$ cat final04.csv   # CSV, C-alpha atoms and all ligand atoms
chain,number,residue,atom,x,y,z
A,1048,MET,CA,0.0,0.0,0.0
A,1049,LYS,CA,2.7,2.4,1.1
A,1050,LYS,CA,4.8,1.5,-1.8
A,1051,SER,CA,2.1,2.1,-4.4
A,1052,VAL,CA,1.4,5.6,-3.0
A,1053,PHE,CA,5.1,6.4,-3.2
A,1054,LEU,CA,5.5,5.2,-6.7
A,1055,GLY,CA,2.3,7.0,-7.7
A,1056,ALA,CA,3.7,10.3,-6.5
A,1057,LEU,CA,7.0,9.5,-8.2
A,1058,THR,CA,5.2,8.8,-11.5
A,1059,VAL,CA,3.4,12.1,-11.4
A,1060,ALA,CA,6.6,13.9,-10.6
A,1061,GLY,CA,8.3,11.9,-13.4
A,1062,LEU,CA,5.7,13.0,-16.0
A,1063,ALA,CA,6.0,16.7,-15.0
A,1064,ALA,CA,9.8,16.5,-15.2
A,1065,GLY,CA,9.6,14.6,-18.5
A,1066,ALA,CA,8.0,17.6,-20.2
A,1067,ALA,CA,10.6,20.0,-18.9
A,1068,ALA,CA,13.5,17.6,-19.4
A,1069,ALA,CA,13.2,17.1,-23.2
A,1070,GLY,CA,16.2,19.4,-23.7
A,1071,THR,CA,18.4,18.8,-20.7
A,1072,LEU,CA,21.5,19.8,-22.6
A,1073,ASP,CA,19.9,23.2,-23.4
A,1074,ASP,CA,18.8,23.6,-19.8
A,1075,VAL,CA,22.3,22.8,-18.5
A,1076,GLN,CA,24.0,25.1,-21.0
A,1077,ALA,CA,21.5,28.0,-20.3
A,1078,ARG,CA,22.1,27.5,-16.6
A,1079,GLY,CA,25.8,27.3,-17.0
A,1080,LYS,CA,25.9,24.6,-14.4
A,1081,LEU,CA,25.3,20.8,-14.2
A,1082,ASN,CA,23.1,19.7,-11.3
A,1083,CYS,CA,24.6,16.4,-10.3
A,1084,GLY,CA,23.1,14.2,-7.6
A,1085,VAL,CA,25.7,12.5,-5.4
A,1086,THR,CA,25.7,10.8,-2.0
A,1087,THR,CA,25.5,12.7,1.2
A,1088,GLY,CA,29.1,11.7,1.8
A,1089,LEU,CA,31.2,8.6,1.2
A,1090,VAL,CA,34.9,9.3,1.2
A,1091,GLY,CA,36.6,8.2,-2.0
A,1092,PHE,CA,33.3,8.1,-3.9
A,1093,ALA,CA,31.7,11.5,-3.1
A,1094,ALA,CA,32.5,13.8,-0.2
A,1095,PRO,CA,33.5,17.4,0.3
A,1096,ASP,CA,37.2,17.9,1.3
A,1097,ALA,CA,38.5,20.2,3.9
A,1098,ASN,CA,38.0,23.2,1.6
A,1099,GLY,CA,34.4,22.1,0.8
A,1100,GLU,CA,35.3,20.9,-2.7
A,1101,TRP,CA,33.6,17.7,-3.7
A,1102,GLN,CA,36.0,14.9,-4.4
A,1103,GLY,CA,35.7,11.2,-5.4
A,1104,PHE,CA,35.2,8.5,-8.0
A,1105,ASP,CA,31.5,9.4,-8.5
A,1106,VAL,CA,32.2,13.1,-8.4
A,1107,ALA,CA,34.7,12.6,-11.2
A,1108,VAL,CA,31.9,11.5,-13.5
A,1109,CYS,CA,29.9,14.7,-12.8
A,1110,ARG,CA,33.0,16.8,-13.4
A,1111,ALA,CA,33.8,15.0,-16.7
A,1112,VAL,CA,30.2,15.6,-18.0
A,1113,ALA,CA,30.4,19.3,-16.9
A,1114,ALA,CA,33.7,19.6,-18.8
A,1115,ALA,CA,32.4,17.9,-21.9
A,1116,VAL,CA,29.2,20.0,-21.9
A,1117,LEU,CA,30.3,23.4,-20.5
A,1118,GLY,CA,34.0,23.3,-20.8
A,1119,ASP,CA,34.3,23.8,-17.1
A,1120,ALA,CA,34.8,20.9,-14.6
A,1121,SER,CA,33.9,23.2,-11.7
A,1122,ALA,CA,30.5,24.2,-13.2
A,1123,VAL,CA,28.8,21.6,-11.1
A,1124,GLU,CA,26.2,22.0,-8.3
A,1125,PHE,CA,26.6,18.8,-6.2
A,1126,VAL,CA,23.3,17.9,-4.8
A,1127,PRO,CA,23.5,15.4,-1.9
A,1128,THR,CA,20.9,12.7,-2.0
A,1129,THR,CA,20.2,9.7,0.2
A,1130,GLY,CA,19.2,6.2,-0.9
A,1131,LYS,CA,15.6,7.3,-0.4
A,1132,THR,CA,15.6,10.8,-1.9
A,1133,ARG,CA,17.8,10.2,-5.0
A,1134,PHE,CA,15.0,9.0,-7.3
A,1135,THR,CA,12.6,11.8,-6.6
A,1136,ALA,CA,15.5,14.3,-7.1
A,1137,LEU,CA,16.1,12.9,-10.5
A,1138,ALA,CA,12.4,12.4,-11.6
A,1139,SER,CA,11.5,15.9,-10.5
A,1140,GLY,CA,14.2,17.6,-12.5
A,1141,GLU,CA,16.1,18.9,-9.4
A,1142,ILE,CA,19.2,17.1,-10.8
A,1143,ASP,CA,20.2,16.5,-14.4
A,1144,MET,CA,21.9,13.2,-13.6
A,1145,LEU,CA,22.5,11.0,-10.7
A,1146,ALA,CA,26.1,9.7,-10.0
A,1147,ARG,CA,25.9,7.9,-6.7
A,1148,ASN,CA,26.5,4.2,-6.2
A,1149,THR,CA,23.1,3.4,-7.6
A,1150,THR,CA,22.5,-0.2,-8.7
A,1151,TRP,CA,21.0,-0.8,-12.2
A,1152,THR,CA,17.9,-2.9,-11.7
A,1153,PHE,CA,14.9,-3.8,-13.8
A,1154,SER,CA,12.4,-1.9,-11.7
A,1155,ARG,CA,14.5,1.3,-11.5
A,1156,ASP,CA,14.8,1.3,-15.2
A,1157,VAL,CA,11.4,0.1,-16.3
A,1158,ASP,CA,9.1,1.1,-13.5
A,1159,LEU,CA,10.7,4.2,-12.1
A,1160,LYS,CA,11.6,5.2,-15.7
A,1161,PHE,CA,15.3,5.9,-15.5
A,1162,GLU,CA,18.0,5.2,-18.0
A,1163,PHE,CA,21.2,3.7,-16.7
A,1164,VAL,CA,23.8,4.9,-19.1
A,1165,GLY,CA,26.5,2.5,-18.2
A,1166,ILE,CA,28.4,0.9,-15.3
A,1167,ASN,CA,31.2,2.7,-13.6
A,1168,TYR,CA,31.7,0.2,-10.8
A,1169,TYR,CA,30.8,-3.5,-10.6
A,1170,ASP,CA,30.1,-4.2,-7.0
A,1171,GLY,CA,28.3,-6.6,-4.7
A,1172,GLN,CA,26.8,-6.5,-1.2
A,1173,GLY,CA,28.9,-7.5,1.7
A,1174,PHE,CA,28.9,-7.5,5.5
A,1175,MET,CA,31.2,-5.9,8.1
A,1176,VAL,CA,31.3,-7.0,11.8
A,1177,PRO,CA,33.5,-6.1,14.7
A,1178,LYS,CA,36.4,-8.5,14.9
A,1179,GLU,CA,35.6,-9.2,18.6
A,1180,LEU,CA,32.4,-10.9,17.6
A,1181,GLY,CA,34.4,-13.7,16.2
A,1182,VAL,CA,32.2,-14.2,13.2
A,1183,SER,CA,33.7,-15.6,10.1
A,1184,SER,CA,30.8,-16.1,7.8
A,1185,ALA,CA,27.5,-14.3,7.1
A,1186,LYS,CA,25.7,-17.5,7.6
A,1187,GLU,CA,26.6,-17.3,11.3
A,1188,LEU,CA,24.6,-14.0,11.7
A,1189,ASP,CA,21.3,-15.6,12.9
A,1190,GLY,CA,19.5,-13.2,15.3
A,1191,ALA,CA,21.9,-10.3,14.5
A,1192,THR,CA,20.9,-6.7,14.5
A,1193,VAL,CA,21.8,-5.2,11.1
A,1194,CYS,CA,22.2,-1.5,10.2
A,1195,ILE,CA,20.7,-1.0,6.8
A,1196,GLN,CA,20.1,2.0,4.5
A,1197,THR,CA,16.5,2.4,3.5
A,1198,GLY,CA,15.4,2.7,-0.2
A,1199,THR,CA,18.3,0.5,-1.3
A,1200,THR,CA,18.8,-2.8,-3.0
A,1201,THR,CA,20.7,-3.7,0.2
A,1202,GLU,CA,17.5,-3.9,2.1
A,1203,LEU,CA,15.9,-6.3,-0.4
A,1204,ASN,CA,19.0,-8.5,-0.8
A,1205,LEU,CA,19.4,-8.8,3.0
A,1206,ALA,CA,15.9,-10.1,3.3
A,1207,ASP,CA,16.5,-12.6,0.5
A,1208,PHE,CA,19.8,-13.8,1.9
A,1209,PHE,CA,18.4,-14.4,5.4
A,1210,ARG,CA,15.3,-16.1,4.1
A,1211,THR,CA,17.3,-18.3,1.8
A,1212,ASN,CA,19.5,-19.4,4.6
A,1213,ASN,CA,16.7,-19.8,7.0
A,1214,ILE,CA,18.1,-17.4,9.6
A,1215,SER,CA,16.6,-14.2,11.1
A,1216,TYR,CA,17.8,-10.7,11.7
A,1217,GLU,CA,16.5,-7.5,13.2
A,1218,PRO,CA,16.9,-4.5,10.9
A,1219,VAL,CA,18.1,-1.1,12.3
A,1220,PRO,CA,16.9,1.2,9.5
A,1221,ILE,CA,19.1,4.3,8.8
A,1222,GLU,CA,19.1,6.8,6.0
A,1223,THR,CA,22.7,7.7,5.4
A,1224,ASN,CA,26.1,6.2,5.8
A,1225,ALA,CA,27.0,9.0,8.3
A,1226,GLU,CA,24.1,7.9,10.4
A,1227,ALA,CA,25.2,4.2,10.2
A,1228,GLN,CA,28.8,4.7,11.4
A,1229,PRO,CA,28.2,5.8,15.0
A,1230,LEU,CA,25.4,3.3,15.5
A,1231,TYR,CA,27.6,0.5,14.3
A,1232,LEU,CA,30.6,1.6,16.3
A,1233,ASP,CA,28.5,2.0,19.4
A,1234,GLY,CA,27.1,-1.5,19.0
A,1235,ALA,CA,23.5,-0.4,18.2
A,1236,CYS,CA,23.8,-2.9,15.4
A,1237,ASP,CA,26.0,-6.0,15.3
A,1238,VAL,CA,26.5,-5.8,11.5
A,1239,TYR,CA,26.7,-3.2,8.8
A,1240,THR,CA,25.8,-4.2,5.3
A,1241,THR,CA,26.1,-2.3,2.1
A,1242,ASP,CA,27.9,-2.5,-1.2
A,1243,ALA,CA,31.4,-3.9,-0.6
A,1244,SER,CA,33.0,-0.7,-2.0
A,1245,GLY,CA,31.0,1.3,0.6
A,1246,LEU,CA,32.1,-1.0,3.4
A,1247,ALA,CA,35.7,-0.5,2.4
A,1248,ALA,CA,35.2,3.3,2.3
A,1249,THR,CA,33.4,3.3,5.6
A,1250,ARG,CA,36.0,1.1,7.4
A,1251,ALA,CA,38.9,3.2,6.0
A,1252,ALA,CA,37.3,6.2,7.8
A,1253,PHE,CA,37.3,4.4,11.2
A,1254,GLU,CA,39.9,5.2,13.9
A,1255,ASN,CA,40.9,1.5,14.1
A,1256,PRO,CA,39.9,-0.1,10.7
A,1257,GLY,CA,41.7,-3.3,11.8
A,1258,ASP,CA,39.1,-3.9,14.5
A,1259,HIS,CA,36.6,-4.7,11.8
A,1260,VAL,CA,36.3,-7.5,9.4
A,1261,ILE,CA,34.5,-7.7,6.0
A,1262,LEU,CA,33.0,-11.2,5.8
A,1263,PRO,CA,33.8,-13.3,2.7
A,1264,GLU,CA,30.2,-13.5,1.3
A,1265,ILE,CA,29.2,-11.2,-1.5
A,1266,ILE,CA,25.5,-11.8,-1.7
A,1267,SER,CA,24.4,-9.8,-4.8
A,1268,LYS,CA,25.3,-8.2,-8.0
A,1269,GLU,CA,25.4,-4.4,-7.7
A,1270,PRO,CA,26.3,-2.9,-11.1
A,1271,LEU,CA,26.6,0.8,-10.2
A,1272,GLY,CA,26.4,3.6,-12.7
A,1273,PRO,CA,25.1,7.0,-13.6
A,1274,LEU,CA,21.5,7.5,-14.6
A,1275,VAL,CA,19.3,10.1,-16.2
A,1276,ARG,CA,15.5,10.3,-16.8
A,1277,HIS,CA,13.8,8.4,-19.5
A,1278,GLY,CA,12.6,10.6,-22.3
A,1279,ASP,CA,15.7,12.6,-23.2
A,1280,ASN,CA,17.9,10.2,-25.2
A,1281,ASP,CA,20.2,13.0,-26.5
A,1282,TRP,CA,21.1,13.8,-22.9
A,1283,GLY,CA,21.5,10.1,-22.0
A,1284,ASP,CA,23.9,9.8,-25.0
A,1285,ILE,CA,26.1,12.6,-23.7
A,1286,VAL,CA,26.4,11.1,-20.2
A,1287,ARG,CA,26.8,7.6,-21.6
A,1288,TRP,CA,29.6,8.5,-24.1
A,1289,THR,CA,31.4,10.7,-21.6
A,1290,LEU,CA,31.7,7.7,-19.3
A,1291,ASN,CA,32.7,5.6,-22.3
A,1292,ALA,CA,35.3,8.2,-23.2
A,1293,LEU,CA,36.9,7.8,-19.8
A,1294,ILE,CA,36.9,4.0,-20.1
A,1295,ALA,CA,38.1,4.0,-23.7
A,1296,ALA,CA,40.9,6.5,-22.9
A,1297,GLU,CA,42.4,4.0,-20.5
A,1298,GLU,CA,42.2,1.2,-23.0
A,1299,LEU,CA,43.8,3.4,-25.7
A,1300,GLY,CA,46.5,4.7,-23.4
A,1301,VAL,CA,45.2,8.3,-23.3
A,1302,THR,CA,46.1,9.8,-19.9
A,1303,SER,CA,46.0,13.1,-18.1
A,1304,ALA,CA,49.7,13.4,-19.0
A,1305,ASN,CA,49.4,13.0,-22.8
A,1306,VAL,CA,45.8,14.0,-23.7
A,1307,ALA,CA,46.7,17.6,-24.5
A,1308,GLU,CA,49.5,16.5,-26.8
A,1309,LEU,CA,47.4,13.7,-28.4
A,1310,GLY,CA,44.5,16.0,-28.8
A,1311,ALA,CA,46.5,18.8,-30.5
A,1312,SER,CA,46.6,17.2,-33.9
A,1313,ALA,CA,45.7,13.9,-35.6
A,1314,GLY,CA,48.2,11.1,-34.8
A,1315,ALA,CA,48.8,7.5,-35.8
A,1316,ASN,CA,45.8,5.9,-34.0
A,1317,PRO,CA,42.5,6.7,-35.8
A,1318,GLU,CA,40.4,5.7,-32.8
A,1319,ILE,CA,42.3,8.1,-30.5
A,1320,ASN,CA,41.9,10.8,-33.2
A,1321,ARG,CA,38.1,10.2,-33.3
A,1322,LEU,CA,37.9,10.1,-29.5
A,1323,LEU,CA,39.8,13.4,-29.1
A,1324,GLY,CA,38.1,15.1,-32.1
A,1325,THR,CA,41.1,15.6,-34.3
A,1326,GLU,CA,39.4,13.4,-36.9
A,1327,GLY,CA,35.7,12.8,-37.7
A,1328,THR,CA,32.6,14.6,-36.2
A,1329,LEU,CA,31.6,12.6,-33.1
A,1330,GLY,CA,31.4,15.8,-31.0
A,1331,GLU,CA,29.1,17.4,-33.4
A,1332,MET,CA,26.8,14.3,-33.4
A,1333,LEU,CA,26.4,14.8,-29.6
A,1334,GLY,CA,25.7,18.5,-30.1
A,1335,LEU,CA,29.1,19.3,-28.4
A,1336,ASP,CA,32.5,20.7,-29.4
A,1337,ALA,CA,34.9,18.5,-31.3
A,1338,ASP,CA,37.1,18.2,-28.3
A,1339,TRP,CA,34.4,17.3,-25.7
A,1340,ALA,CA,36.1,14.0,-24.7
A,1341,LYS,CA,39.5,15.6,-24.5
A,1342,LYS,CA,38.0,18.2,-22.1
A,1343,ALA,CA,36.4,15.3,-20.1
A,1344,ILE,CA,39.6,13.3,-19.9
A,1345,MET,CA,41.7,16.4,-18.9
A,1346,VAL,CA,39.8,16.8,-15.7
A,1347,GLY,CA,41.0,13.7,-13.7
A,1348,GLY,CA,42.5,11.5,-16.4
A,1349,ASN,CA,41.1,8.3,-17.7
A,1350,TYR,CA,39.0,5.8,-15.8
A,1351,GLY,CA,42.0,4.0,-14.4
A,1352,GLU,CA,43.6,7.2,-13.2
A,1353,ILE,CA,40.3,8.2,-11.5
A,1354,PHE,CA,40.0,4.8,-9.9
A,1355,GLU,CA,43.6,4.7,-8.6
A,1356,GLY,CA,43.5,8.3,-7.4
A,1357,ASN,CA,40.2,8.0,-5.4
A,1358,ILE,CA,39.6,4.5,-4.3
A,1359,GLY,CA,42.6,2.3,-5.6
A,1360,GLU,CA,45.1,0.3,-3.7
A,1361,ALA,CA,47.4,3.2,-2.9
A,1362,THR,CA,44.5,5.1,-1.2
A,1363,PRO,CA,43.1,4.3,2.3
A,1364,ILE,CA,40.1,2.7,0.7
A,1365,GLY,CA,42.4,0.2,-1.0
A,1366,LEU,CA,40.2,-1.3,-3.6
A,1367,ALA,CA,41.7,-3.6,-6.2
A,1368,ARG,CA,40.5,-3.3,-9.8
A,1369,GLY,CA,39.0,-6.8,-9.8
A,1370,LEU,CA,35.9,-6.9,-12.1
A,1371,ASN,CA,36.5,-3.2,-12.7
A,1372,ALA,CA,39.7,-3.9,-14.8
A,1373,GLN,CA,39.6,-3.4,-18.5
A,1374,TRP,CA,38.4,-6.4,-20.5
A,1375,THR,CA,41.9,-6.6,-21.9
A,1376,ASP,CA,43.1,-7.3,-18.4
A,1377,GLY,CA,40.4,-9.8,-17.5
A,1378,GLY,CA,37.9,-7.4,-16.2
A,1379,LEU,CA,34.4,-6.3,-17.3
A,1380,LEU,CA,35.1,-2.8,-18.5
A,1381,TYR,CA,34.5,-2.6,-22.2
A,1382,ALA,CA,33.6,0.7,-24.0
A,1383,PRO,CA,31.9,0.3,-27.3
A,1384,PRO,CA,33.8,1.6,-30.4
A,1385,PHE,CA,34.3,5.3,-31.0
A,1386,ARG,CA,33.3,5.4,-34.6
B,1401,LIG,N1,23.8,0.2,-4.5
B,1401,LIG,C1,22.7,0.2,-3.6
B,1401,LIG,C2,23.0,0.8,-2.2
B,1401,LIG,C3,23.3,2.3,-2.3
B,1401,LIG,C4,23.8,2.7,-0.9
B,1401,LIG,O1,23.2,2.4,0.1
B,1401,LIG,N2,24.9,3.4,-0.9
B,1401,LIG,C5,25.5,3.8,0.4
B,1401,LIG,C6,26.8,3.0,0.5
B,1401,LIG,S1,27.7,3.3,1.9
B,1401,LIG,C7,25.8,5.3,0.3
B,1401,LIG,O2,26.4,5.8,-0.6
B,1401,LIG,N3,25.5,6.0,1.4
B,1401,LIG,C8,26.0,7.4,1.3
B,1401,LIG,C9,25.0,8.3,1.9
B,1401,LIG,O3,24.6,8.0,3.0
B,1401,LIG,O4,24.6,9.3,1.3
B,1401,LIG,C10,21.5,0.8,-4.2
B,1401,LIG,O5,21.6,1.4,-5.3
B,1401,LIG,O6,20.4,0.8,-3.6
$ encode --input "final04.csv" --output "structure tokens"
Amino acid sequence: MKKSVFLGALTVAGLAAGAAAAGTLDDVQARGKLNCGVTTGLVGFAAPDANGEWQGFDVAVCRAVAAAVLGDASAVEFVPTTGKTRFTALASGEIDMLARNTTWTFSRDVDLKFEFVGINYYDGQGFMVPKELGVSSAKELDGATVCIQTGTTTELNLADFFRTNNISYEPVPIETNAEAQPLYLDGACDVYTTDASGLAATRAAFENPGDHVILPEIISKEPLGPLVRHGDNDWGDIVRWTLNALIAAEELGVTSANVAELGASAGANPEINRLLGTEGTLGEMLGLDADWAKKAIMVGGNYGEIFEGNIGEATPIGLARGLNAQWTDGGLLYAPPFR
């Protein structure tokens, strides 16, 4: 009952926004700013730094789109959203795109009427527990209290996992990661569950990360990626191909160090030339400048550079590339051809 009321309201908001959103590119250009939905704060993925500047792996996607569309990576209004508020923010037109660890699912696409333009992080749901509990498998969590963010796939997977394994749990519902941290650290919940990347980011922010273990089970597929509203395919194409440009740049060896030089004039590799606009008319097809992708790549480098700089093994978050390696390195990242 509650769900249908909520979805009903969202559908109405979606329809209203649909009319206004037909020309999102025009709106963004007229405004001179991209309204980009991010999390309320998850260090490494999206969080303001000491100077109030938003930083992170998801933030980098917003900045790349702003650079491609407006020629200015700082022309972004970062709009913090929670698991619960993110979809209304997008459907209502408050944001032009959402770039916050949102899992691509059937119902979010088909029922909520959003378009996932790609996947920037292949993730899965995990569990974190204090080491002192002596738990070594999620199957030992019968009767546990679990901190869980509302409006997420996490909530639904948790119910499925416990049901399948014939064990029970008591949910402690929370809305943001910031809310979850003190509750978990104070023992108000025995377990914290969210996407494994989020667990790593959360644990890295603890005073004593070594006091907490991430259990071996990954209980779901969480393909995370940016999304836009249904109904404006041209805008969807811009966000999709900006993400693809960052991924292709890594595969092609285009980096923050050489993109200016490679983009200055046509070189030996035709796909690099098309990507950077020294050959062909891909930018024009998107309604953007010829060097749109060059501008996007110049912001924070290619996908690999963005990964390593924000969440990679040399950062406190310490994530390995894993599934998020290029297909040429045994991972799942595979940008379609730039032609
Ligand atoms: N991928 C899942 C879960 C998303 C989620 O809960 N993300 C958490 C991970 S820690 C988050 O970013 N929270 C930050 C915040 O509180 O704004 C979904 O799309 O429903």
$ residues_near_ligand --input "final04.csv" --ligand "ligand LIG 1401 (chain B)" --cutoff "7 Å" --atoms "all atoms listed in the file" --output "number ranges by chain"
A: 1086-1089, 1127-1130, 1147-1150, 1196, 1198-1201, 1222-1225, 1241-1242, 1245-1246, 1249, 1269, 1271
$ closest_residue --input "final04.csv" --among "A:Glu1202, A:Asp1338, A:Asp1237, A:Asp1158" --to "Leu1117 in chain A" --atoms "all atoms listed in the file"
A:Asp1338
$ closest_residue --input "final04.csv" --among "A:Gly1348, A:Pro1317, A:Gly1378, A:Gly1365" --to "Thr1302 in chain A" --atoms "all atoms listed in the file"
A:Gly1348
$ closest_residue --input "final04.csv" --among "A:Ala1111, A:Ile1358, A:Val1085, A:Ala1191" --to "Ala1247 in chain A" --atoms "only C-alpha atoms"
A:Ile1358
$ residues_near_point --input "final04.csv" --point "(26.5, 15.5, -9.9)" --cutoff "9 Å" --atoms "all atoms listed in the file" --output "list of chain:residue names"
A:Leu1081, A:Asn1082, A:Cys1083, A:Gly1084, A:Val1085, A:Asp1105, A:Val1106, A:Ala1107, A:Val1108, A:Cys1109, A:Arg1110, A:Val1112, A:Ala1113, A:Val1123, A:Glu1124, A:Phe1125, A:Val1126, A:Pro1127, A:Ile1142, A:Asp1143, A:Met1144, A:Leu1145, A:Ala1146, A:Arg1147
$ closest_residue --input "final04.csv" --among "A:Gly1079, A:Pro1177, A:Asp1258, A:Lys1186" --to "Arg1210 in chain A" --atoms "only C-alpha atoms"
A:Lys1186
